[in-house]
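S.K.: Below is one structure. I have some questions about it.
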Amino acid sequence: MKHILITGCSSGFGLMAAKHLAKKGHHVYASMRNVNGKNADKALELSDYSNSNNLNIDVVEIDVTSDESVNKAVSQLGKVDVLINNAGRGYGGPIESFSSKQFMDQLDLNIVGTFRVAKAVLPKMRAQNDGLIIQISSIAGRCCSPGSGVYHASKWGLEGLSESMRYELAPLGIDVVMVQPGPFATDFFNTVIPSENEDIAKAYQHVAEFSEGFGSQVQAAFEDSNAPTDPMHVVQAFDDLIEMPHGSRPIRTMVGLDFGLQAINEVTEPIRQNLLEVFEITDWDGPKRM
């Protein structure tokens, strides 16, 4: 049994992962914001699910954009073997139409939020010389498209942060990996935050048309029973990574509709390995204990 902290459990991958991993026999700390407010129903759903199925799910209040919230919650937890940094949202619109505040909010949630939670759990993991951090990136961290530049910046940044963490933490017995989902049938697209300046956004009609067309393409995929858009594919990837022994986990796992982007992982992996040899830190590419 592992003690697993998951952020962003009010919906989507987080909610499904909390239920699935608890059913596998793990002790899950299912965190979300506003457990006594707008997410009270989701918190109650998880608690009822846990009780009715005799599972180990503790619902925890965490706002990943708050140092105080993160540190308070983690200090009250027991052992943490696995952290799944899942909380996040997307901002959509032409880059010029965003305010600096919105841009910072996107980065704070999708990059700094993962840093806050990892920083809070790392003393526990270092003390036990063991741990796994699963960072939820995206295929958006491997490509760029019009209308999603601010979101791409957050995911590309998360990729760099996570890869550096992997090298720093491996000698301490802690594994860091990334899961890169494609589009999935979750609430993600319904909760995308638009840019503030509508007048500027209107100057980018070509971007709006692209986004509408791409959205239609994705929606068609959701309605295709043969397309890999079931969110359980991502949850199963979490499960598989948790079960893998140290030294065998890939740094990146792409899941679902990849639009050919898996080729980037395949092409760049030998380059990454070669760079580790140049740096003479090949042994830092994930913990080597078996």
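Ordered as shown in the structure tokens, chains take letters A, B, and onward, while each chain numbers its residues from 1 and ligands are numbered from 1 in the order shown.
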Any idea what's packed within 7 Å of Asn85 in chain A, counting only C-alpha atoms, ignoring anything in its chain fewer than 4 positions away? Could you give it as a ChimeraX atom specification?
M.R.: /A:6-7,114,134-136
S.K.: Go ahead and dump the residues you just picked, N, CA, C and O atoms, as a compact mmCIF listing (two decimals), in the first residue's frame.
M.R.:
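Dumped everything to out.txt:
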```
# COMPACT_ATOMS: atom_id res chain seq x y z
N ILE A 6 -2.97 13.42 -4.09
CA ILE A 6 -3.37 13.85 -5.43
C ILE A 6 -3.98 15.25 -5.32
O ILE A 6 -4.88 15.47 -4.50
N THR A 7 -3.52 16.18 -6.14
CA THR A 7 -4.12 17.50 -6.16
C THR A 7 -5.17 17.58 -7.26
O THR A 7 -5.13 16.83 -8.23
N THR A 114 2.71 23.33 -8.67
CA THR A 114 3.35 22.01 -8.54
C THR A 114 4.61 22.11 -7.68
O THR A 114 4.92 21.20 -6.92
N ILE A 134 4.65 12.44 -9.70
CA ILE A 134 4.10 12.38 -11.06
C ILE A 134 3.57 13.76 -11.41
O ILE A 134 2.62 14.25 -10.81
N GLN A 135 4.20 14.39 -12.38
CA GLN A 135 3.81 15.73 -12.81
C GLN A 135 2.88 15.62 -14.03
O GLN A 135 3.24 14.98 -15.02
N ILE A 136 1.72 16.25 -13.95
CA ILE A 136 0.79 16.18 -15.07
C ILE A 136 1.10 17.32 -16.02
O ILE A 136 0.70 18.46 -15.81
```
S.K.: Give me the range 29-112 of chain A side of the contact with range 192-206 of chain A, cut-off 8 Å, one line per residue showing its nearest atom pair and distance in Å at one decimal, counting only C-alpha atoms, sorted by chain and residue number, as JSON lines.
M.R.:
```
{"residue": "A:Arg89", "atom": "CA", "partner": "A:Val192", "partner_atom": "CA", "distance": 6.6}
{"residue": "A:Gly90", "atom": "CA", "partner": "A:Val192", "partner_atom": "CA", "distance": 5.0}
{"residue": "A:Tyr91", "atom": "CA", "partner": "A:Ile193", "partner_atom": "CA", "distance": 4.6}
{"residue": "A:Gly92", "atom": "CA", "partner": "A:Pro194", "partner_atom": "CA", "distance": 5.1}
{"residue": "A:Gly93", "atom": "CA", "partner": "A:Ser195", "partner_atom": "CA", "distance": 5.5}
{"residue": "A:Pro94", "atom": "CA", "partner": "A:Ala201", "partner_atom": "CA", "distance": 6.1}
{"residue": "A:Glu96", "atom": "CA", "partner": "A:Ile200", "partner_atom": "CA", "distance": 7.1}
{"residue": "A:Ser97", "atom": "CA", "partner": "A:Asn197", "partner_atom": "CA", "distance": 5.0}
{"residue": "A:Phe98", "atom": "CA", "partner": "A:Ser195", "partner_atom": "CA", "distance": 4.8}
{"residue": "A:Ser99", "atom": "CA", "partner": "A:Glu196", "partner_atom": "CA", "distance": 6.7}
{"residue": "A:Gln102", "atom": "CA", "partner": "A:Ser195", "partner_atom": "CA", "distance": 7.6}
```
S.K.: With distances taken over only C-alpha atoms, which of A:Val74, A:Val235, A:Val176, A:Ile264 is nearest to Val60 in chain A?
M.R.: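 When distances to Val60 in chain A are compared using only C-alpha atoms, the smallest one comes from A:Val74.
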S.K.: In Å, rounded to a single decimal, give me how far CA of Ala140 in chain A is from CA of Asp258 in chain A.
M.R.: 9.8 Å
S.K.: Name the residues of range 5-63 of chain A that come out as alpha helix (DSSP H) in a backbone DSSP run; write them as a ChimeraX atom specification.
M.R.: /A:12-23,40-52
S.K.: Grab the residues selected above and save them as a CSV table (one decimal), in the first residue's frame with N, CA, C and O atoms.
M.R.:
```csv
chain,number,residue,atom,x,y,z
A,12,GLY,N,-12.4,15.4,-13.1
A,12,GLY,CA,-11.4,14.9,-14.1
A,12,GLY,C,-10.5,13.8,-13.6
A,12,GLY,O,-10.9,12.9,-12.9
A,13,PHE,N,-9.2,13.9,-14.1
A,13,PHE,CA,-8.3,12.8,-13.7
A,13,PHE,C,-8.1,12.6,-12.2
A,13,PHE,O,-8.0,11.5,-11.8
A,14,GLY,N,-8.1,13.8,-11.5
A,14,GLY,CA,-7.9,13.7,-10.0
A,14,GLY,C,-9.0,12.9,-9.3
A,14,GLY,O,-8.7,12.0,-8.5
A,15,LEU,N,-10.2,13.2,-9.7
A,15,LEU,CA,-11.4,12.5,-9.0
A,15,LEU,C,-11.4,11.0,-9.4
A,15,LEU,O,-11.5,10.2,-8.5
A,16,MET,N,-11.1,10.7,-10.6
A,16,MET,CA,-11.1,9.3,-11.1
A,16,MET,C,-9.9,8.6,-10.5
A,16,MET,O,-10.1,7.4,-10.1
A,17,ALA,N,-8.8,9.2,-10.4
A,17,ALA,CA,-7.6,8.6,-9.9
A,17,ALA,C,-7.7,8.3,-8.4
A,17,ALA,O,-7.3,7.2,-7.9
A,18,ALA,N,-8.4,9.2,-7.7
A,18,ALA,CA,-8.6,9.0,-6.2
A,18,ALA,C,-9.4,7.7,-6.0
A,18,ALA,O,-9.0,6.9,-5.1
A,19,LYS,N,-10.4,7.6,-6.7
A,19,LYS,CA,-11.3,6.4,-6.6
A,19,LYS,C,-10.6,5.1,-7.0
A,19,LYS,O,-10.6,4.1,-6.3
A,20,HIS,N,-9.9,5.2,-8.2
A,20,HIS,CA,-9.3,4.0,-8.7
A,20,HIS,C,-8.1,3.5,-7.8
A,20,HIS,O,-8.0,2.3,-7.5
A,21,LEU,N,-7.3,4.4,-7.4
A,21,LEU,CA,-6.1,4.0,-6.6
A,21,LEU,C,-6.5,3.6,-5.2
A,21,LEU,O,-5.8,2.7,-4.6
A,22,ALA,N,-7.6,4.2,-4.7
A,22,ALA,CA,-8.1,3.7,-3.4
A,22,ALA,C,-8.6,2.2,-3.5
A,22,ALA,O,-8.4,1.4,-2.6
A,23,LYS,N,-9.3,2.0,-4.6
A,23,LYS,CA,-9.8,0.6,-4.9
A,23,LYS,C,-8.6,-0.4,-5.0
A,23,LYS,O,-8.8,-1.6,-4.8
A,40,ALA,N,-18.0,21.4,-2.1
A,40,ALA,CA,-18.5,20.6,-1.0
A,40,ALA,C,-19.2,19.3,-1.5
A,40,ALA,O,-19.0,18.2,-0.9
A,41,ASP,N,-19.9,19.4,-2.6
A,41,ASP,CA,-20.6,18.2,-3.2
A,41,ASP,C,-19.5,17.2,-3.6
A,41,ASP,O,-19.7,16.0,-3.4
A,42,LYS,N,-18.5,17.6,-4.3
A,42,LYS,CA,-17.4,16.7,-4.7
A,42,LYS,C,-16.7,16.1,-3.5
A,42,LYS,O,-16.4,14.9,-3.5
A,43,ALA,N,-16.5,16.9,-2.5
A,43,ALA,CA,-15.8,16.3,-1.3
A,43,ALA,C,-16.7,15.3,-0.6
A,43,ALA,O,-16.2,14.2,-0.2
A,44,LEU,N,-18.0,15.6,-0.6
A,44,LEU,CA,-18.9,14.6,0.0
A,44,LEU,C,-19.0,13.4,-0.8
A,44,LEU,O,-19.1,12.2,-0.3
A,45,GLU,N,-19.0,13.5,-2.1
A,45,GLU,CA,-19.0,12.4,-3.0
A,45,GLU,C,-17.9,11.4,-2.8
A,45,GLU,O,-18.1,10.2,-2.7
A,46,LEU,N,-16.7,12.0,-2.6
A,46,LEU,CA,-15.5,11.1,-2.4
A,46,LEU,C,-15.6,10.5,-1.0
A,46,LEU,O,-15.2,9.3,-0.8
A,47,SER,N,-16.0,11.2,0.0
A,47,SER,CA,-16.1,10.7,1.4
A,47,SER,C,-17.2,9.6,1.4
A,47,SER,O,-16.9,8.5,2.0
A,48,ASP,N,-18.3,9.8,0.8
A,48,ASP,CA,-19.3,8.7,0.7
A,48,ASP,C,-18.8,7.5,0.0
A,48,ASP,O,-19.1,6.4,0.4
A,49,TYR,N,-18.1,7.7,-1.1
A,49,TYR,CA,-17.6,6.6,-1.9
A,49,TYR,C,-16.6,5.8,-1.1
A,49,TYR,O,-16.6,4.6,-1.1
A,50,SER,N,-15.8,6.5,-0.4
A,50,SER,CA,-14.8,5.9,0.5
A,50,SER,C,-15.5,5.0,1.6
A,50,SER,O,-15.1,3.8,1.8
A,51,ASN,N,-16.5,5.6,2.2
A,51,ASN,CA,-17.2,4.9,3.3
A,51,ASN,C,-18.0,3.7,2.8
A,51,ASN,O,-17.9,2.6,3.4
A,52,SER,N,-18.7,3.9,1.7
A,52,SER,CA,-19.5,2.8,1.2
A,52,SER,C,-18.7,1.6,0.7
A,52,SER,O,-19.2,0.5,0.6
```
S.K.: What is the CA of Arg249 in chain A-CA of Ala237 in chain A distance in Å, reported with one decimal?
M.R.: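 The value is 11.1 Å.
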S.K.: Might you pull out every residue within 10 Å of Lys79 in chain A, with only C-alpha atoms counted and same-chain residues fewer than 3 positions away left off, and present them as an NGL selection string?
M.R.: :A and (2-5 or 27 or 74 or 76 or 82 or 121 or 124-125 or 128)
S.K.: Using only N, CA and C atoms, please write the residues we just selected to a file, as a tab-separated table (two decimals), in the first residue's frame.
M.R.:
```tsv
chain	number	residue	atom	x	y	z
A	2	LYS	N	0.53	2.20	-0.88
A	2	LYS	CA	1.21	3.48	-0.93
A	2	LYS	C	0.29	4.56	-0.35
A	3	HIS	N	0.93	5.59	0.21
A	3	HIS	CA	0.20	6.78	0.67
A	3	HIS	C	0.36	7.83	-0.42
A	4	ILE	N	-0.76	8.17	-1.08
A	4	ILE	CA	-0.73	8.95	-2.31
A	4	ILE	C	-1.48	10.26	-2.13
A	5	LEU	N	-0.80	11.37	-2.38
A	5	LEU	CA	-1.42	12.69	-2.36
A	5	LEU	C	-1.70	13.10	-3.80
A	27	HIS	N	-3.77	4.24	0.22
A	27	HIS	CA	-4.33	5.29	1.07
A	27	HIS	C	-4.20	6.60	0.31
A	74	VAL	N	-0.14	19.73	4.17
A	74	VAL	CA	0.88	18.68	4.12
A	74	VAL	C	1.45	18.40	5.50
A	76	GLN	N	-0.09	18.21	8.14
A	76	GLN	CA	-1.05	17.39	8.89
A	76	GLN	C	-1.18	15.98	8.33
A	82	VAL	N	3.76	8.92	-2.71
A	82	VAL	CA	3.55	9.35	-4.10
A	82	VAL	C	2.80	10.68	-4.10
A	121	VAL	N	6.17	18.28	0.29
A	121	VAL	CA	6.26	16.84	0.58
A	121	VAL	C	7.69	16.32	0.55
A	124	LYS	N	9.49	14.89	3.69
A	124	LYS	CA	9.03	13.56	4.07
A	124	LYS	C	9.68	12.50	3.19
A	125	MET	N	9.75	12.76	1.89
A	125	MET	CA	10.32	11.79	0.96
A	125	MET	C	11.82	11.64	1.17
A	128	GLN	N	12.63	9.46	4.15
A	128	GLN	CA	12.44	8.02	3.94
A	128	GLN	C	13.28	7.49	2.78
```
S.K.: Can you measure CA of Gly113 in chain A to CA of Gly260 in chain A for me? One decimal in Å is fine.
M.R.: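 Computing the Euclidean distance for CA of Gly113 in chain A and CA of Gly260 in chain A yields 29.0 Å.
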S.K.: Tell me which protein, DNA and RNA residues are within 10 Å of Gly256 in chain A, counting only C-alpha atoms, leaving out same-chain ones fewer than 2 positions away, and put them as a ChimeraX atom specification.
M.R.: /A:139,180-184,227-231,233-234,254,258-259
S.K.: Write the selection just made, keeping N, CA and C atoms, as a short mmCIF file (atom, residue, chain, number, x, y, z; two decimals), in the first residue's frame?
M.R.:
```
data_model
loop_
_atom_site.label_atom_id
_atom_site.label_comp_id
_atom_site.auth_asym_id
_atom_site.auth_seq_id
_atom_site.Cartn_x
_atom_site.Cartn_y
_atom_site.Cartn_z
N ILE A 139 0.39 17.22 -23.88
CA ILE A 139 1.00 17.31 -25.20
C ILE A 139 1.24 18.78 -25.54
N GLN A 180 1.88 13.08 -20.06
CA GLN A 180 1.50 14.08 -21.05
C GLN A 180 0.20 13.68 -21.73
N PRO A 181 -0.95 14.03 -21.15
CA PRO A 181 -2.23 13.67 -21.79
C PRO A 181 -2.50 14.51 -23.03
N GLY A 182 -3.17 13.87 -23.99
CA GLY A 182 -3.77 14.61 -25.09
C GLY A 182 -5.15 15.09 -24.66
N PRO A 183 -6.02 15.45 -25.59
CA PRO A 183 -7.39 15.84 -25.22
C PRO A 183 -8.17 14.64 -24.69
N PHE A 184 -8.85 14.85 -23.57
CA PHE A 184 -9.68 13.80 -22.99
C PHE A 184 -11.05 14.36 -22.64
N ALA A 227 -11.74 6.25 -30.49
CA ALA A 227 -10.66 7.20 -30.17
C ALA A 227 -10.26 7.05 -28.71
N PRO A 228 -8.96 7.16 -28.40
CA PRO A 228 -8.48 6.98 -27.02
C PRO A 228 -8.70 8.24 -26.18
N THR A 229 -9.97 8.54 -25.86
CA THR A 229 -10.28 9.75 -25.11
C THR A 229 -10.93 9.47 -23.76
N ASP A 230 -10.95 8.21 -23.35
CA ASP A 230 -11.46 7.86 -22.02
C ASP A 230 -10.43 8.27 -20.97
N PRO A 231 -10.80 9.13 -20.03
CA PRO A 231 -9.84 9.59 -19.01
C PRO A 231 -9.20 8.47 -18.21
N HIS A 233 -7.62 6.10 -19.30
CA HIS A 233 -6.31 5.80 -19.86
C HIS A 233 -5.21 6.54 -19.07
N VAL A 234 -5.50 7.77 -18.69
CA VAL A 234 -4.54 8.55 -17.92
C VAL A 234 -4.41 7.98 -16.51
N MET A 254 3.33 9.69 -22.75
CA MET A 254 2.27 10.38 -23.48
C MET A 254 1.07 9.45 -23.59
N ASP A 258 -2.26 11.92 -29.62
CA ASP A 258 -0.98 12.64 -29.53
C ASP A 258 -0.68 13.47 -30.78
N PHE A 259 -1.51 13.37 -31.82
CA PHE A 259 -1.32 14.14 -33.06
C PHE A 259 0.10 13.97 -33.60
#
```
S.K.: What lies within 12 Å of Met104 in chain A using only C-alpha atoms, ignoring chain neighbours under 2 positions off, as a list in words?
M.R.: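 Final neighbour list, sorted by chain and number: Thr65, Tyr91, Phe98, Ser99, Ser100, Lys101, Gln102, Gln106, Leu107, Asp108, Leu109, Asn110, Ile111, Val112, Gly113, Val150, Tyr151, Ala153 and Ser154 of chain A.
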